[in-house]
$ cat coords-v3.pdb   # PDB, C-alpha atoms and all ligand atoms
ATOM      1  CA  MET A   9     104.758  80.626  81.662
ATOM      2  CA  SER A  10     107.040  83.126  83.366
ATOM      3  CA  ARG A  11     107.500  83.783  87.035
ATOM      4  CA  TYR A  12     104.568  85.785  88.390
ATOM      5  CA  THR A  13     104.733  88.097  91.376
ATOM      6  CA  LEU A  14     102.629  90.533  93.376
ATOM      7  CA  VAL A  15     104.144  93.249  95.592
ATOM      8  CA  ILE A  16     102.076  95.567  97.826
ATOM      9  CA  HIS A  17     102.549  98.456 100.254
ATOM     10  CA  GLY A  18     100.354 100.166 102.822
ATOM     11  CA  GLY A  19     102.347 103.361 103.331
ATOM     12  CA  ALA A  20     105.754 104.326 104.720
ATOM     13  CA  GLY A  21     107.084 106.682 107.368
ATOM     14  CA  THR A  22     108.042 106.891 111.011
ATOM     15  CA  ILE A  23     106.728 103.465 111.840
ATOM     16  CA  LEU A  24     108.603 102.259 114.909
ATOM     17  CA  LYS A  25     108.299  98.949 116.690
ATOM     18  CA  GLU A  26     108.248 100.654 120.096
ATOM     19  CA  ASP A  27     105.118 102.622 119.106
ATOM     20  CA  MET A  28     103.259  99.515 118.003
ATOM     21  CA  THR A  29     101.092  97.239 120.111
ATOM     22  CA  PRO A  30     101.142  93.511 119.302
ATOM     23  CA  GLU A  31      97.430  93.685 118.392
ATOM     24  CA  LEU A  32      97.898  96.565 115.971
ATOM     25  CA  GLU A  33     100.935  94.956 114.393
ATOM     26  CA  ALA A  34      98.939  91.746 113.907
ATOM     27  CA  ALA A  35      96.065  93.718 112.361
ATOM     28  CA  TYR A  36      98.399  95.402 109.857
ATOM     29  CA  LEU A  37     100.058  92.119 108.913
ATOM     30  CA  GLU A  38      96.645  90.500 108.517
ATOM     31  CA  GLY A  39      95.509  93.379 106.263
ATOM     32  CA  LEU A  40      98.602  92.997 104.093
ATOM     33  CA  GLU A  41      98.183  89.200 103.889
ATOM     34  CA  ALA A  42      94.536  89.577 102.829
ATOM     35  CA  ALA A  43      95.485  91.995 100.039
ATOM     36  CA  LEU A  44      98.316  89.719  98.887
ATOM     37  CA  ALA A  45      95.965  86.735  98.817
ATOM     38  CA  ALA A  46      93.351  88.607  96.741
ATOM     39  CA  GLY A  47      95.829  89.908  94.164
ATOM     40  CA  TYR A  48      97.877  86.724  93.982
ATOM     41  CA  ALA A  49      94.753  84.621  93.351
ATOM     42  CA  VAL A  50      94.166  86.627  90.164
ATOM     43  CA  LEU A  51      97.711  85.891  88.958
ATOM     44  CA  GLU A  52      97.470  82.230  89.914
ATOM     45  CA  GLU A  53      94.310  81.834  87.840
ATOM     46  CA  GLY A  54      96.104  83.288  84.834
ATOM     47  CA  GLY A  55      94.562  86.774  85.180
ATOM     48  CA  VAL A  56      96.299  89.889  83.894
ATOM     49  CA  ALA A  57      98.585  92.035  86.055
ATOM     50  CA  VAL A  58      96.296  95.034  85.930
ATOM     51  CA  ASN A  59      93.427  93.020  87.458
ATOM     52  CA  ALA A  60      95.734  91.656  90.163
ATOM     53  CA  VAL A  61      96.854  95.095  91.326
ATOM     54  CA  LYS A  62      93.259  96.317  91.338
ATOM     55  CA  ALA A  63      92.091  93.325  93.383
ATOM     56  CA  ALA A  64      94.825  93.885  95.975
ATOM     57  CA  LEU A  65      94.047  97.594  96.236
ATOM     58  CA  VAL A  66      90.317  97.080  96.724
ATOM     59  CA  VAL A  67      91.107  95.001  99.831
ATOM     60  CA  LEU A  68      93.440  97.689 101.187
ATOM     61  CA  GLU A  69      90.979 100.500 100.372
ATOM     62  CA  ASP A  70      88.252  98.633 102.261
ATOM     63  CA  ASN A  71      90.483  98.267 105.327
ATOM     64  CA  LEU A  72      90.027 101.098 107.851
ATOM     65  CA  LEU A  73      93.680 100.906 108.918
ATOM     66  CA  PHE A  74      95.071 102.257 105.667
ATOM     67  CA  ASN A  75      94.817 105.803 104.330
ATOM     68  CA  ALA A  76      92.837 105.063 101.154
ATOM     69  CA  GLY A  77      89.138 104.542 100.497
ATOM     70  CA  ARG A  78      87.527 103.723 103.863
ATOM     71  CA  GLY A  79      89.713 105.273 106.559
ATOM     72  CA  ALA A  80      91.099 108.063 104.345
ATOM     73  CA  VAL A  81      92.416 111.152 106.150
ATOM     74  CA  PHE A  82      90.493 114.436 106.496
ATOM     75  CA  THR A  83      91.161 117.649 104.569
ATOM     76  CA  LYS A  84      91.279 121.132 106.114
ATOM     77  CA  LYS A  85      87.523 121.350 105.475
ATOM     78  CA  GLY A  86      86.918 118.088 107.303
ATOM     79  CA  VAL A  87      86.046 115.943 104.312
ATOM     80  CA  GLN A  88      87.804 113.058 102.568
ATOM     81  CA  GLU A  89      89.206 113.654  99.090
ATOM     82  CA  MET A  90      90.912 110.696  97.498
ATOM     83  CA  ASP A  91      93.384 110.140  94.658
ATOM     84  CA  ALA A  92      94.188 106.950  92.723
ATOM     85  CA  ALA A  93      95.979 105.763  89.595
ATOM     86  CA  ILE A  94      96.485 102.569  87.636
ATOM     87  CA  MET A  95      98.791 101.806  84.700
ATOM     88  CA  ASP A  96      99.055  98.811  82.389
ATOM     89  CA  GLY A  97     102.662  98.248  81.319
ATOM     90  CA  SER A  98     101.667  96.085  78.342
ATOM     91  CA  ASN A  99     100.151  98.986  76.386
ATOM     92  CA  LEU A 100     100.987 102.068  78.497
ATOM     93  CA  HIS A 101      97.297 102.706  79.118
ATOM     94  CA  ALA A 102      96.622 104.601  82.344
ATOM     95  CA  GLY A 103      93.772 106.061  84.392
ATOM     96  CA  SER A 104      93.851 108.484  87.327
ATOM     97  CA  VAL A 105      91.459 110.372  89.539
ATOM     98  CA  ALA A 106      92.134 113.162  92.027
ATOM     99  CA  GLY A 107      90.089 114.830  94.741
ATOM    100  CA  VAL A 108      87.157 112.427  94.465
ATOM    101  CA  ARG A 109      84.626 112.046  97.267
ATOM    102  CA  ASN A 110      82.285 109.256  98.348
ATOM    103  CA  VAL A 111      83.705 106.777  95.837
ATOM    104  CA  ARG A 112      83.935 103.484  97.677
ATOM    105  CA  ASN A 113      86.944 102.265  95.697
ATOM    106  CA  PRO A 114      88.818 105.062  93.934
ATOM    107  CA  ILE A 115      90.974 102.431  92.191
ATOM    108  CA  GLU A 116      87.830 101.087  90.469
ATOM    109  CA  LEU A 117      87.130 104.593  89.197
ATOM    110  CA  ALA A 118      90.723 105.042  87.966
ATOM    111  CA  THR A 119      90.409 101.712  86.127
ATOM    112  CA  GLU A 120      87.149 102.885  84.584
ATOM    113  CA  VAL A 121      88.891 106.059  83.384
ATOM    114  CA  MET A 122      91.620 103.892  81.824
ATOM    115  CA  ARG A 123      89.210 101.488  80.126
ATOM    116  CA  ASN A 124      86.112 103.488  79.312
ATOM    117  CA  SER A 125      86.964 107.146  78.830
ATOM    118  CA  ASN A 126      89.007 108.972  76.214
ATOM    119  CA  HIS A 127      91.084 110.482  78.975
ATOM    120  CA  VAL A 128      93.817 109.632  81.450
ATOM    121  CA  PHE A 129      93.215 111.959  84.396
ATOM    122  CA  LEU A 130      89.907 113.230  85.843
ATOM    123  CA  SER A 131      89.519 115.417  88.920
ATOM    124  CA  GLY A 132      87.006 116.659  91.492
ATOM    125  CA  LYS A 133      83.350 116.964  90.619
ATOM    126  CA  GLY A 134      83.864 115.900  87.010
ATOM    127  CA  ALA A 135      85.442 112.650  88.165
ATOM    128  CA  ASN A 136      82.506 112.116  90.542
ATOM    129  CA  ASP A 137      80.025 112.756  87.694
ATOM    130  CA  PHE A 138      81.883 110.160  85.621
ATOM    131  CA  ALA A 139      81.687 107.705  88.534
ATOM    132  CA  ILE A 140      77.902 108.142  88.708
ATOM    133  CA  LYS A 141      77.527 107.749  84.928
ATOM    134  CA  GLN A 142      79.583 104.538  84.952
ATOM    135  CA  GLY A 143      77.728 103.079  87.920
ATOM    136  CA  ILE A 144      80.752 103.066  90.243
ATOM    137  CA  LYS A 145      79.789 102.307  93.841
ATOM    138  CA  LEU A 146      79.371 105.382  96.072
ATOM    139  CA  GLU A 147      79.080 105.519  99.854
ATOM    140  CA  PRO A 148      77.895 108.186 102.338
ATOM    141  CA  ASP A 149      80.482 110.195 104.308
ATOM    142  CA  GLU A 150      79.975 107.988 107.382
ATOM    143  CA  TYR A 151      81.300 104.963 105.530
ATOM    144  CA  PHE A 152      84.740 106.593 105.246
ATOM    145  CA  PHE A 153      84.820 107.897 108.835
ATOM    146  CA  SER A 154      87.313 106.611 111.352
ATOM    147  CA  GLN A 155      87.749 108.037 114.826
ATOM    148  CA  PHE A 156      91.544 108.069 114.777
ATOM    149  CA  ARG A 157      91.707 109.954 111.453
ATOM    150  CA  TYR A 158      89.168 112.405 112.839
ATOM    151  CA  ASP A 159      91.224 112.949 116.017
ATOM    152  CA  GLN A 160      94.315 113.332 113.883
ATOM    153  CA  TRP A 161      92.588 116.068 111.874
ATOM    154  CA  LYS A 162      91.141 117.792 114.982
ATOM    155  CA  ALA A 163      94.656 118.217 116.315
ATOM    156  CA  LEU A 164      95.674 120.083 113.157
ATOM    157  CA  ARG A 165      92.585 121.785 111.772
ATOM    158  CA  ASP A 166      93.125 125.155 113.470
ATOM    159  CA  SER A 167      96.690 125.360 112.264
ATOM    160  CA  ASP A 168      98.292 125.738 108.882
ATOM    161  CA  ASN A 169     100.157 122.491 109.411
ATOM    162  CA  TYR A 170      99.462 119.435 107.408
ATOM    163  CA  SER A 171     100.542 115.927 108.132
ATOM    164  CA  LEU A 172     101.218 112.791 106.224
ATOM    165  CA  ASP A 173      99.345 109.844 107.474
ATOM    166  CA  HIS A 174      99.985 108.515 110.919
ATOM    167  CA  THR A 175      98.435 105.372 112.042
ATOM    168  CA  HIS A 176      98.813 104.638 115.660
ATOM    169  CA  GLN A 177     100.823 107.261 117.476
ATOM    170  CA  LYS A 178      99.644 109.634 120.150
ATOM    171  CA  LEU A 179      98.531 113.052 118.975
ATOM    172  CA  GLU A 180     101.470 114.882 120.517
ATOM    173  CA  GLU A 181     103.759 112.574 118.593
ATOM    174  CA  LEU A 182     101.806 113.226 115.450
ATOM    175  CA  MET A 183     102.670 116.921 115.704
ATOM    176  CA  ARG A 184     106.334 116.055 115.928
ATOM    177  CA  ASP A 185     106.772 113.307 113.394
ATOM    178  CA  LYS A 186     105.996 112.953 109.769
ATOM    179  CA  LYS A 187     103.875 109.956 108.854
ATOM    180  CA  PHE A 188     102.758 108.564 105.568
ATOM    181  CA  GLY A 189      99.818 106.547 104.334
ATOM    182  CA  THR A 190      98.696 105.358 100.925
ATOM    183  CA  VAL A 191      98.357 101.873  99.469
ATOM    184  CA  GLY A 192      99.896 100.432  96.322
ATOM    185  CA  ALA A 193     100.480  97.270  94.328
ATOM    186  CA  VAL A 194     102.610  96.160  91.396
ATOM    187  CA  ALA A 195     102.364  92.827  89.605
ATOM    188  CA  CYS A 196     103.926  90.708  86.894
ATOM    189  CA  ASP A 197     101.535  88.118  85.413
ATOM    190  CA  GLN A 198     102.143  84.696  83.814
ATOM    191  CA  ASP A 199     102.684  86.318  80.411
ATOM    192  CA  GLY A 200     105.267  88.776  81.717
ATOM    193  CA  ASN A 201     102.934  91.767  81.584
ATOM    194  CA  ILE A 202     103.310  94.231  84.448
ATOM    195  CA  ALA A 203     101.045  96.849  86.066
ATOM    196  CA  ALA A 204     101.047  99.372  88.918
ATOM    197  CA  ALA A 205      98.316 100.942  91.070
ATOM    198  CA  THR A 206      98.296 103.464  93.927
ATOM    199  CA  SER A 207      95.467 104.893  96.049
ATOM    200  CA  THR A 208      95.491 107.475  98.845
ATOM    201  CA  GLY A 209      93.633 109.985 100.976
ATOM    202  CA  GLY A 210      96.744 112.179 100.730
ATOM    203  CA  MET A 211      97.746 114.324 103.709
ATOM    204  CA  THR A 212      95.744 115.209 106.818
ATOM    205  CA  ASN A 213      94.594 118.856 106.759
ATOM    206  CA  LYS A 214      95.506 119.301 103.088
ATOM    207  CA  LYS A 215      93.891 122.332 101.464
ATOM    208  CA  TYR A 216      93.541 124.277  98.212
ATOM    209  CA  GLY A 217      92.828 121.002  96.417
ATOM    210  CA  ARG A 218      96.330 119.734  97.103
ATOM    211  CA  ILE A 219      97.201 116.610  95.088
ATOM    212  CA  GLY A 220     100.267 114.454  95.820
ATOM    213  CA  ASP A 221     102.329 112.117  93.681
ATOM    214  CA  SER A 222     100.063 109.054  93.928
ATOM    215  CA  PRO A 223      97.683 109.770  90.992
ATOM    216  CA  LEU A 224     100.392 111.363  88.831
ATOM    217  CA  ILE A 225     101.573 108.945  86.156
ATOM    218  CA  GLY A 226     105.368 108.948  86.294
ATOM    219  CA  ALA A 227     105.630 110.409  89.805
ATOM    220  CA  GLY A 228     103.857 108.002  92.187
ATOM    221  CA  THR A 229     102.724 105.353  89.718
ATOM    222  CA  TYR A 230     104.268 103.967  86.517
ATOM    223  CA  ALA A 231     104.394 100.712  84.528
ATOM    224  CA  ASN A 232     106.110  99.742  81.309
ATOM    225  CA  ASN A 233     106.741  96.143  80.194
ATOM    226  CA  ARG A 234     110.178  97.185  78.888
ATOM    227  CA  THR A 235     111.357  98.083  82.389
ATOM    228  CA  CYS A 236     109.292  97.978  85.586
ATOM    229  CA  ALA A 237     106.097  98.730  87.472
ATOM    230  CA  ILE A 238     106.434 101.102  90.442
ATOM    231  CA  SER A 239     104.124 102.395  93.215
ATOM    232  CA  CYS A 240     105.441 105.036  95.627
ATOM    233  CA  THR A 241     104.528 106.240  99.093
ATOM    234  CA  GLY A 242     105.906 109.116 101.111
ATOM    235  CA  HIS A 243     106.032 112.898 101.047
ATOM    236  CA  GLY A 244     104.363 113.530  97.710
ATOM    237  CA  GLU A 245     105.903 116.872  96.797
ATOM    238  CA  PRO A 246     109.534 115.650  96.467
ATOM    239  CA  PHE A 247     108.316 112.509  94.682
ATOM    240  CA  ILE A 248     106.604 114.740  92.100
ATOM    241  CA  ARG A 249     109.715 116.891  91.656
ATOM    242  CA  ALA A 250     111.855 113.770  91.269
ATOM    243  CA  VAL A 251     109.360 112.167  88.835
ATOM    244  CA  ALA A 252     110.325 109.214  90.985
ATOM    245  CA  ALA A 253     108.537 106.200  89.448
ATOM    246  CA  HIS A 254     109.454 107.087  85.873
ATOM    247  CA  ASP A 255     113.024 107.827  86.871
ATOM    248  CA  VAL A 256     113.435 104.201  88.001
ATOM    249  CA  SER A 257     112.208 103.104  84.579
ATOM    250  CA  CYS A 258     114.620 105.510  82.831
ATOM    251  CA  LEU A 259     117.611 104.254  84.809
ATOM    252  CA  MET A 260     116.748 100.717  83.738
ATOM    253  CA  GLU A 261     116.026 101.579  80.103
ATOM    254  CA  TYR A 262     118.830 104.013  79.380
ATOM    255  CA  LYS A 263     121.505 102.985  81.853
ATOM    256  CA  GLY A 264     120.883  99.258  82.060
ATOM    257  CA  LEU A 265     120.488  99.194  85.860
ATOM    258  CA  THR A 266     118.574  96.338  87.482
ATOM    259  CA  LEU A 267     115.261  97.124  89.193
ATOM    260  CA  GLU A 268     116.832  96.994  92.665
ATOM    261  CA  GLN A 269     119.797  99.178  91.642
ATOM    262  CA  ALA A 270     117.545 101.776  89.990
ATOM    263  CA  MET A 271     115.222 101.945  92.997
ATOM    264  CA  GLN A 272     118.194 102.348  95.359
ATOM    265  CA  VAL A 273     119.465 105.320  93.317
ATOM    266  CA  VAL A 274     116.086 107.052  93.260
ATOM    267  CA  VAL A 275     115.033 106.364  96.875
ATOM    268  CA  ASN A 276     118.361 106.581  98.685
ATOM    269  CA  GLU A 277     120.145 109.206  96.580
ATOM    270  CA  LYS A 278     117.834 111.355  94.482
ATOM    271  CA  LEU A 279     114.896 111.533  96.908
ATOM    272  CA  VAL A 280     117.154 111.912  99.930
ATOM    273  CA  ALA A 281     118.762 114.939  98.227
ATOM    274  CA  LEU A 282     115.273 116.488  97.978
ATOM    275  CA  GLU A 283     114.409 115.500 101.563
ATOM    276  CA  GLY A 284     111.850 113.151 100.097
ATOM    277  CA  GLU A 285     111.025 110.668 102.816
ATOM    278  CA  GLY A 286     109.275 107.431 101.914
ATOM    279  CA  GLY A 287     109.662 104.349  99.800
ATOM    280  CA  MET A 288     108.491 102.419  96.781
ATOM    281  CA  ILE A 289     107.720  98.904  95.588
ATOM    282  CA  GLY A 290     108.595  97.540  92.171
ATOM    283  CA  VAL A 291     108.528  94.512  89.915
ATOM    284  CA  ASP A 292     110.186  93.879  86.557
ATOM    285  CA  ALA A 293     108.892  91.854  83.606
ATOM    286  CA  GLN A 294     110.820  88.780  84.841
ATOM    287  CA  GLY A 295     108.809  88.876  88.066
ATOM    288  CA  ASN A 296     111.654  90.108  90.311
ATOM    289  CA  PRO A 297     110.245  92.059  93.287
ATOM    290  CA  ALA A 298     111.895  94.986  95.107
ATOM    291  CA  MET A 299     110.887  97.089  98.115
ATOM    292  CA  VAL A 300     113.093 100.066  99.035
ATOM    293  CA  LEU A 301     112.595 102.744 101.720
ATOM    294  CA  ASN A 302     114.579 105.594 103.228
ATOM    295  CA  CYS A 303     112.530 105.972 106.428
ATOM    296  CA  ALA A 304     111.874 103.863 109.529
ATOM    297  CA  GLY A 305     109.178 101.631 108.120
ATOM    298  CA  MET A 306     106.911 100.685 105.251
ATOM    299  CA  TYR A 307     103.979  98.268 105.432
ATOM    300  CA  ARG A 308     104.888  95.927 102.616
ATOM    301  CA  GLY A 309     104.916  92.414 101.257
ATOM    302  CA  TYR A 310     105.242  90.243  98.189
ATOM    303  CA  ARG A 311     104.432  86.762  96.952
ATOM    304  CA  SER A 312     105.998  85.108  93.947
ATOM    305  CA  SER A 313     105.373  81.877  92.003
ATOM    306  CA  ASP A 314     108.940  80.734  92.775
ATOM    307  CA  GLY A 315     107.666  80.159  96.325
ATOM    308  CA  THR A 316     109.206  83.225  97.960
ATOM    309  CA  THR A 317     107.039  85.444 100.121
ATOM    310  CA  GLN A 318     107.559  88.142 102.736
ATOM    311  CA  VAL A 319     105.472  90.550 104.784
ATOM    312  CA  SER A 320     107.223  93.203 106.851
ATOM    313  CA  ILE A 321     106.872  96.613 108.452
ATOM    314  CA  TYR A 322     110.173  97.948 109.787
ATOM    315  CA  ARG A 323     113.305  98.873 107.913
TER     316      ARG A 323
HETATM  317  N1  LIG B   1     102.395 110.178  98.716
HETATM  318  C1  LIG B   1     101.121 110.511  99.296
HETATM  319  C2  LIG B   1     100.816 111.963  99.069
HETATM  320  O1  LIG B   1     101.713 112.770  99.139
HETATM  321  C3  LIG B   1     101.040 110.259 100.749
HETATM  322  C4  LIG B   1     101.590 108.974 101.227
HETATM  323  O2  LIG B   1     102.163 108.196 100.497
HETATM  324  O3  LIG B   1     101.409 108.755 102.419
HETATM  325  O4  LIG B   1      99.660 112.294  98.865
END

$ encode --input "coords-v3.pdb" --output "structure tokens"
Amino acid sequence: MSRYTLVIHGGAGTILKEDMTPELEAAYLEGLEAALAAGYAVLEEGGVAVNAVKAALVVLEDNLLFNAGRGAVFTKKGVQEMDAAIMDGSNLHAGSVAGVRNVRNPIELATEVMRNSNHVFLSGKGANDFAIKQGIKLEPDEYFFSQFRYDQWKALRDSDNYSLDHTHQKLEELMRDKKFGTVGAVACDQDGNIAAATSTGGMTNKKYGRIGDSPLIGAGTYANNRTCAISCTGHGEPFIRAVAAHDVSCLMEYKGLTLEQAMQVVVNEKLVALEGEGGMIGVDAQGNPAMVLNCAGMYRGYRSSDGTTQVSIYR
């Protein structure tokens, strides 16, 4: 049995201690702990990495605080369109969905695409039709509604501005700062198989069917047993241009860097050069975790079978 590990994130950005109330901070930490517990239980019982990352993400998607599933941000048109991806590093199978609506857990739908379709990536209405055919749970618009996301959107809807997720700041601060949302998980199971998953509502006031890095295999999500599993969060456009998650894998495979070294190069050099604010979590096939960010904070945590565990928010 090898060391098994689960790492999760709940988004990165301008998350500052001085903007946080003790209650909100406790609620975030509790949300992260609950997701860690759900995913880690799968690993502990001998389950596969891909099921562990899915279990962790379902908990985060169901939590109103995070920008994924319930609590997703609003588009320019005032609706919620969600993106998600999952990848199994043991066989390089992957499933993604983009711009889906009313799907309770977009990560369940992405997993269904991976397991029970002949495709990797489905979008919009077609993805929703597939969800209905496969019996994936749907919810009415009200289920996804949250007052603070709605207020966040109201402040932007008459402008051409868009915003990455913010969670707790005042609206005037929202206009000034960039915030990020999104949830993700990576895991290494008892057999040394690794997997990655990411789910998001994207950016507040997004339009024209904008899709970020999260559901793009190689950009926001990637897993390969030979190297690492990665889930990103941050300003999606630079992460796409940097092919960020796959680049970490390439640096490990072709240059022999460790997971931590490769993530440092991509997050703190390559993404910084593209003004790509955010962070990523990773795990390698030996169960080593890593969490790297180039902004003020990232909701994040990990638990490993060697007894180490950590949950943190600020840089
Ligand atoms: N990367 C996501 C996107 O651009 C947003 C985020 O991580 O907050 O859609």

$ closest_atom_pairs --input "coords-v3.pdb" --of "chain A" --to "ligand LIG 1 (chain B)" --cutoff "6 Å" --atoms "all atoms listed in the file" --output "tab-separated table"
residue	atom	partner	partner_atom	distance
A:Gly19	CA	B:LIG1	O3	5.6
A:Leu172	CA	B:LIG1	O3	5.6
A:Asp173	CA	B:LIG1	O3	5.6
A:Phe188	CA	B:LIG1	O3	3.4
A:Gly189	CA	B:LIG1	O3	3.3
A:Thr190	CA	B:LIG1	O2	4.5
A:Gly210	CA	B:LIG1	O4	3.5
A:Met211	CA	B:LIG1	O4	5.6
A:Gly220	CA	B:LIG1	O4	3.8
A:Asp221	CA	B:LIG1	N1	5.4
A:Ser222	CA	B:LIG1	N1	5.4
A:Thr241	CA	B:LIG1	O2	3.4
A:Gly242	CA	B:LIG1	O2	3.9
A:His243	CA	B:LIG1	O1	4.7
A:Gly244	CA	B:LIG1	O1	3.1

$ residues_around --input "coords-v3.pdb" --residues "segment 298-303 of chain A" --least-positions-apart "3" --cutoff "10 Å" --atoms "only C-alpha atoms" --output "ChimeraX atom specification"
/A:15-17,20-23,187,238-242,267-269,271-272,274-277,279-280,284-292,295,306,308-310,322-323

$ resolve_selection --input "coords-v3.pdb" --expression "the PyMOL selection byres (((chain A and resi 47-51) around 9) and not hetatm)" --output "tab-separated table (two decimals) with C-alpha atoms, keeping the file's coordinate frame"
chain	number	residue	atom	x	y	z
A	12	TYR	CA	104.57	85.78	88.39
A	13	THR	CA	104.73	88.10	91.38
A	14	LEU	CA	102.63	90.53	93.38
A	42	ALA	CA	94.54	89.58	102.83
A	43	ALA	CA	95.48	92.00	100.04
A	44	LEU	CA	98.32	89.72	98.89
A	45	ALA	CA	95.96	86.74	98.82
A	46	ALA	CA	93.35	88.61	96.74
A	52	GLU	CA	97.47	82.23	89.91
A	53	GLU	CA	94.31	81.83	87.84
A	54	GLY	CA	96.10	83.29	84.83
A	55	GLY	CA	94.56	86.77	85.18
A	56	VAL	CA	96.30	89.89	83.89
A	57	ALA	CA	98.58	92.04	86.06
A	59	ASN	CA	93.43	93.02	87.46
A	60	ALA	CA	95.73	91.66	90.16
A	61	VAL	CA	96.85	95.10	91.33
A	62	LYS	CA	93.26	96.32	91.34
A	63	ALA	CA	92.09	93.32	93.38
A	64	ALA	CA	94.82	93.88	95.98
A	65	LEU	CA	94.05	97.59	96.24
A	67	VAL	CA	91.11	95.00	99.83
A	193	ALA	CA	100.48	97.27	94.33
A	195	ALA	CA	102.36	92.83	89.60
A	196	CYS	CA	103.93	90.71	86.89
A	197	ASP	CA	101.54	88.12	85.41
A	198	GLN	CA	102.14	84.70	83.81
A	311	ARG	CA	104.43	86.76	96.95
A	312	SER	CA	106.00	85.11	93.95

$ atom_distance --input "coords-v3.pdb" --atom1 "atom CA of Phe129 of chain A" --atom2 "atom CA of Arg249 of chain A"
18.7 Å

$ resolve_selection --input "coords-v3.pdb" --expression "the PyMOL selection byres (((chain A and resi 139) around 10) and not hetatm)" --output "list in words"
Val108, Asn110, Val111, Pro114, Glu116, Leu117, Ala118, Glu120, Val121, Lys133, Gly134, Ala135, Asn136, Asp137, Phe138, Ile140, Lys141, Gln142, Gly143, Ile144, Lys145 and Leu146 of chain A

$ closest_residue --input "coords-v3.pdb" --among "A:Tyr151, A:Phe74, A:Tyr36, A:Phe82" --to "Ser207 of chain A" --atoms "all atoms listed in the file"
A:Phe74

$ closest_atom_pairs --input "coords-v3.pdb" --of "segment 186-225 of chain A" --to "segment 85-91 of chain A" --cutoff "6 Å" --atoms "only C-alpha atoms" --output "CSV"
residue,atom,partner,partner_atom,distance
A:Ser207,CA,A:Asp91,CA,5.8
A:Thr208,CA,A:Asp91,CA,5.4
A:Gly209,CA,A:Met90,CA,4.5
A:Pro223,CA,A:Asp91,CA,5.7

$ atom_distance --input "coords-v3.pdb" --atom1 "atom CA of Pro30 of chain A" --atom2 "atom CA of Thr316 of chain A"
25.0 Å

$ resolve_selection --input "coords-v3.pdb" --expression "the PyMOL selection byres (((chain A and resi 157) around 10) and not hetatm)" --output "VMD selection string"
chain A and resid 72 to 73 75 79 to 82 152 to 156 158 to 162 173 to 176 212

$ residues_around --input "coords-v3.pdb" --residues "Ala252 of chain A" --least-positions-apart "6" --cutoff "7 Å" --atoms "only C-alpha atoms" --output "compact mmCIF listing (two decimals) with C-alpha atoms, in the frame of the given file"
# COMPACT_ATOMS: atom_id res chain seq x y z
CA GLY A 226 105.37 108.95 86.29
CA ALA A 227 105.63 110.41 89.80
CA GLY A 228 103.86 108.00 92.19
CA VAL A 274 116.09 107.05 93.26

$ closest_residue --input "coords-v3.pdb" --among "A:Met9, A:Val66, A:Val194, A:Ala106" --to "Ile219 of chain A" --atoms "all atoms listed in the file"
A:Ala106

$ atom_distance --input "coords-v3.pdb" --atom1 "atom CA of Gln318 of chain A" --atom2 "atom CA of Lys25 of chain A"
17.7 Å

$ closest_residue --input "coords-v3.pdb" --among "A:Ala163, A:Ala35, A:Val128, A:Cys236" --to "Gly97 of chain A" --atoms "all atoms listed in the file"
A:Cys236
